[in-house]
Every structure is written in structure tokens, then in C-alpha cells.
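Colleague: First the structure, then my questions, so here it is.
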Amino acid sequence: MPTTSPIPVLRGSGGSVLQAEDNDLVLTREREETRIPLQAVRTVRAEGRAVAVELTAPPGSAPAVHRVGGVSEAAATMFADAVNASLPERADESAEVPDGSGLVTVSTLTESGEDERFRRFTFWAWTAGLLIVAMTVVIGILGPMGMALLFLMVTPFGVGITAFGAVSMKGMYDMWYLPRHGITVEAKRNGVSYDYTDMQGATHSRIDLLGRSTAPTVQVAYRPGRPDISTFVYSWLRKVWLTSFSLVILLVGLAITAISVAIVVELF
């Protein structure tokens, strides 16, 4: 049975992560992964809430250092002690020391479809929130405070319902389009989700948010070239019902949002 590593995972500022994997230290920053073999590491130092990974270097040259800040101080000490104890022994100190930088590999991480959608959602949610607050302040300065409060109460509600309706309609488009023009495969139930395998052999999961039956297998259709974008294959009658429901939600959201627009138009 495989065991997990006792060496703690360090999570630092800016979303950086430093962890031990087999015989490597793996440093992840944004969309970049730096893999450092243990044989390229001279020592690991805990510096308060930071960890410095110093690489080996030939005599007379300055060693390269990879530093991660903003980590737990206790975890940093444990990490440094554990990694230093795992470093390969160098019995012959007189032997030529390799340049650790030459053993380090850097690769660009590809963003998954789920991460991309979450990032875009977060960006637009923050943008909409800041715009609503800014407009509320402007209305409060130029017009009655009651109008500003009404705008602040109505607008997030209308924008939220409209966004939910728009996302639902996008899902309805996939529900109609992908079974006819995508790739349909069998998916097996795995807890609360269904797992399916694309043509490249990669496995993807999809949660049935609409409460489908507990059948052990269902059909899933995914987009060619983007197997992470998929939909369950529903009957024609159910697709009509879901599309109508999503359209009603979108129209209600637009109607509420129209109140916010009317407030702005009335003010200016």
C-alpha cells in the first residue's frame, strides 16, 4: 500500500507551493513548476516564515537559491529538517560538486477547464461587485440616499440571477449541441459523480447537479478537443423543460436588472 510523505507541504504567498515528491522538491508558482532533484540540493534553510532551498555549486561560484516566503514557521522548520535528513550522502568531499542549477527543470503548467472557469468567474464577480459599489457611491453623491440604497439592494440580486440564467442557458446549449456534434461515451457512477474516459485515455468527472437517477452508468457527451466540457445526455422532453426553466430565470434576472438601469437613467 502506498504511503504519503511525512514531509509537510509548504503553502506560501502568491499561491506558491513547495513539496517533496519521491526524490524531488517541486515548487509551483502560478502556472510554472520547478522540479529540483534532491541530488541538486546542498541544504534547506528555515528562515522564519520563509524557506530557502540552496543548490549545489562548483567551488568559487555562488549557489542558486529558491526561496518561498509566507509559509508557516513551524512547518518551515519541520520541512527543512526532514528534507536535509533525506539528502543523499556525499562521501567524497573532494569530488567535483555538480552545478545543481543544471539539474533543475522548469515547465509551464496547463490550466484545466475547471480552473479556467473558476478564475473567470472570480474575476467577473469581483469586477461586478466593485462597479456596483462605485456606482452606489456616485448615486449617493448626486442623488437621494434612498435611491442609492435601492440600487445597492436591487442590483446584486438582479445581476446574480441574470448571470445564473446566462450560465444555465450556456449549459442548455451544450445539452442540445454536444450529443449531436460531440463525442458520446459511457460514464460510470463514482460516488456523487460520474467518471468518463476520453479518446486519449484521460479520466474526467462530472457531477449530476440536476439529480439524475442513481443508475450505475449514463451517457456523457463531450466537446472534441475539450473533453473537460461535457454534458449528460437527456431525453428530448427533459431538455425542453430545462431550457424553458433556464430561460425564465434569465428573463427574471434581466427584468430586475432593468430596475437598476432605470435608477441610473433617472439620475442622469
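If you're wondering about the labels, chains in the C-alpha cells are A, B, ... by order shown, residues count from 1 in each chain, ligands from 1 in order shown.
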Which residues of range 70-175 of chain A have any atom within 7 Å of an atom in range 33-48 of chain A when counting only C-alpha atoms, and what is the closest pair of atoms for each, with the distance in Å to one decimal? Order the rows by chain and rising number and write it as JSON lines.

Modeller:
{"residue": "A:Glu73", "atom": "CA", "partner": "A:Gly48", "partner_atom": "CA", "distance": 5.4}
{"residue": "A:Ala76", "atom": "CA", "partner": "A:Ala46", "partner_atom": "CA", "distance": 5.5}
{"residue": "A:Thr77", "atom": "CA", "partner": "A:Ala46", "partner_atom": "CA", "distance": 5.3}
{"residue": "A:Ala80", "atom": "CA", "partner": "A:Val44", "partner_atom": "CA", "distance": 5.2}
{"residue": "A:Asn84", "atom": "CA", "partner": "A:Thr43", "partner_atom": "CA", "distance": 6.1}
{"residue": "A:Leu87", "atom": "CA", "partner": "A:Leu38", "partner_atom": "CA", "distance": 5.9}
{"residue": "A:Pro88", "atom": "CA", "partner": "A:Gln39", "partner_atom": "CA", "distance": 6.3}
{"residue": "A:Gly100", "atom": "CA", "partner": "A:Ala40", "partner_atom": "CA", "distance": 4.2}
{"residue": "A:Leu103", "atom": "CA", "partner": "A:Ala40", "partner_atom": "CA", "distance": 6.3}
{"residue": "A:Val104", "atom": "CA", "partner": "A:Ile36", "partner_atom": "CA", "distance": 4.9}
{"residue": "A:Thr105", "atom": "CA", "partner": "A:Arg35", "partner_atom": "CA", "distance": 5.3}
{"residue": "A:Val106", "atom": "CA", "partner": "A:Thr34", "partner_atom": "CA", "distance": 4.5}
{"residue": "A:Ser107", "atom": "CA", "partner": "A:Glu33", "partner_atom": "CA", "distance": 5.3}
{"residue": "A:Thr108", "atom": "CA", "partner": "A:Glu33", "partner_atom": "CA", "distance": 6.2}
{"residue": "A:Leu109", "atom": "CA", "partner": "A:Glu33", "partner_atom": "CA", "distance": 6.5}

Colleague: Based on the selection just made, write N, CA and C atoms of those residues as a PDB file, in the first residue's frame.

Modeller:
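Output (selection_2.pdb):
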ATOM      1  N   GLU A  73       5.789  29.073  10.086  1.00  0.00           N
ATOM      2  CA  GLU A  73       7.139  28.986  10.646  1.00  0.00           C
ATOM      3  C   GLU A  73       7.427  27.596  11.182  1.00  0.00           C
ATOM      4  N   ALA A  76       7.902  25.282   8.264  1.00  0.00           N
ATOM      5  CA  ALA A  76       9.172  25.540   7.588  1.00  0.00           C
ATOM      6  C   ALA A  76      10.316  24.811   8.281  1.00  0.00           C
ATOM      7  N   THR A  77      10.322  24.846   9.604  1.00  0.00           N
ATOM      8  CA  THR A  77      11.381  24.158  10.355  1.00  0.00           C
ATOM      9  C   THR A  77      11.304  22.651  10.152  1.00  0.00           C
ATOM     10  N   ALA A  80      12.472  21.797   6.539  1.00  0.00           N
ATOM     11  CA  ALA A  80      13.920  21.874   6.366  1.00  0.00           C
ATOM     12  C   ALA A  80      14.618  20.688   7.012  1.00  0.00           C
ATOM     13  N   ASN A  84      16.598  17.891   4.733  1.00  0.00           N
ATOM     14  CA  ASN A  84      18.040  17.757   4.958  1.00  0.00           C
ATOM     15  C   ASN A  84      18.406  16.339   5.381  1.00  0.00           C
ATOM     16  N   LEU A  87      18.579  14.095   2.191  1.00  0.00           N
ATOM     17  CA  LEU A  87      19.527  14.380   1.121  1.00  0.00           C
ATOM     18  C   LEU A  87      20.535  13.240   0.979  1.00  0.00           C
ATOM     19  N   PRO A  88      20.917  12.946  -0.244  1.00  0.00           N
ATOM     20  CA  PRO A  88      21.905  11.868  -0.450  1.00  0.00           C
ATOM     21  C   PRO A  88      23.251  12.232   0.163  1.00  0.00           C
ATOM     22  N   GLY A 100      23.991  22.419  -9.316  1.00  0.00           N
ATOM     23  CA  GLY A 100      22.615  21.994  -9.127  1.00  0.00           C
ATOM     24  C   GLY A 100      21.639  22.657 -10.080  1.00  0.00           C
ATOM     25  N   LEU A 103      20.547  20.697 -13.057  1.00  0.00           N
ATOM     26  CA  LEU A 103      19.680  19.540 -12.854  1.00  0.00           C
ATOM     27  C   LEU A 103      18.218  19.935 -12.651  1.00  0.00           C
ATOM     28  N   VAL A 104      17.977  21.226 -12.504  1.00  0.00           N
ATOM     29  CA  VAL A 104      16.618  21.711 -12.251  1.00  0.00           C
ATOM     30  C   VAL A 104      15.862  21.832 -13.567  1.00  0.00           C
ATOM     31  N   THR A 105      14.615  21.402 -13.572  1.00  0.00           N
ATOM     32  CA  THR A 105      13.768  21.526 -14.763  1.00  0.00           C
ATOM     33  C   THR A 105      12.594  22.434 -14.443  1.00  0.00           C
ATOM     34  N   VAL A 106      12.263  23.273 -15.393  1.00  0.00           N
ATOM     35  CA  VAL A 106      11.149  24.216 -15.255  1.00  0.00           C
ATOM     36  C   VAL A 106      10.160  23.952 -16.384  1.00  0.00           C
ATOM     37  N   SER A 107       8.910  23.794 -16.042  1.00  0.00           N
ATOM     38  CA  SER A 107       7.882  23.537 -17.049  1.00  0.00           C
ATOM     39  C   SER A 107       6.677  24.430 -16.790  1.00  0.00           C
ATOM     40  N   THR A 108       5.927  24.676 -17.851  1.00  0.00           N
ATOM     41  CA  THR A 108       4.723  25.501 -17.761  1.00  0.00           C
ATOM     42  C   THR A 108       3.522  24.603 -17.534  1.00  0.00           C
ATOM     43  N   LEU A 109       2.731  24.939 -16.535  1.00  0.00           N
ATOM     44  CA  LEU A 109       1.551  24.152 -16.217  1.00  0.00           C
ATOM     45  C   LEU A 109       0.378  24.602 -17.077  1.00  0.00           C
TER      46      LEU A 109
END

Colleague: Applying 12 Å and only C-alpha atoms, which residues near Arg180 in chain A remain after dropping the ones on its own chain fewer than 2 positions away? List them as a PyMOL selection string.

Modeller: chain A and resi 173-178+182-184+220-224+231+233-234

Colleague: What are the DSSP strand (DSSP E or B) residues of range 136-192 of chain A, as a list in words?

Modeller: Ile183, Thr184, Val185, Glu186, Ala187, Lys188, Arg189 and Asn190 of chain A

Colleague: I'd like to know which of A:Gly69, A:Pro59, A:Gly102, A:Gly140 is closest to Leu267 in chain A, using only C-alpha atoms.

Modeller: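 Using only C-alpha atoms, Leu267 in chain A sits closest to A:Gly140.
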
Colleague: Excluding Ser260 in chain A and its own-chain neighbours fewer than 6 positions away, which residues fall within 7 Å of it when counting only C-alpha atoms? Please give them as a ChimeraX atom specification.

Modeller: /A:151,154-155

Colleague: Could you tell me which of A:Phe123, A:Ser86, A:His181, A:Ile132 comes closest to Asp22 in chain A if we count only C-alpha atoms?

Modeller: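 For Asp22 in chain A, the nearest of the candidates is A:Ser86.
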
Colleague: Using only C-alpha atoms, find the one residue out of A:Phe79, A:Phe157, A:Phe268, A:Tyr194 that sits nearest to Arg49 in chain A.

Modeller: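 Among A:Phe79, A:Phe157, A:Phe268, A:Tyr194, it is A:Phe79 that comes nearest to Arg49 in chain A.
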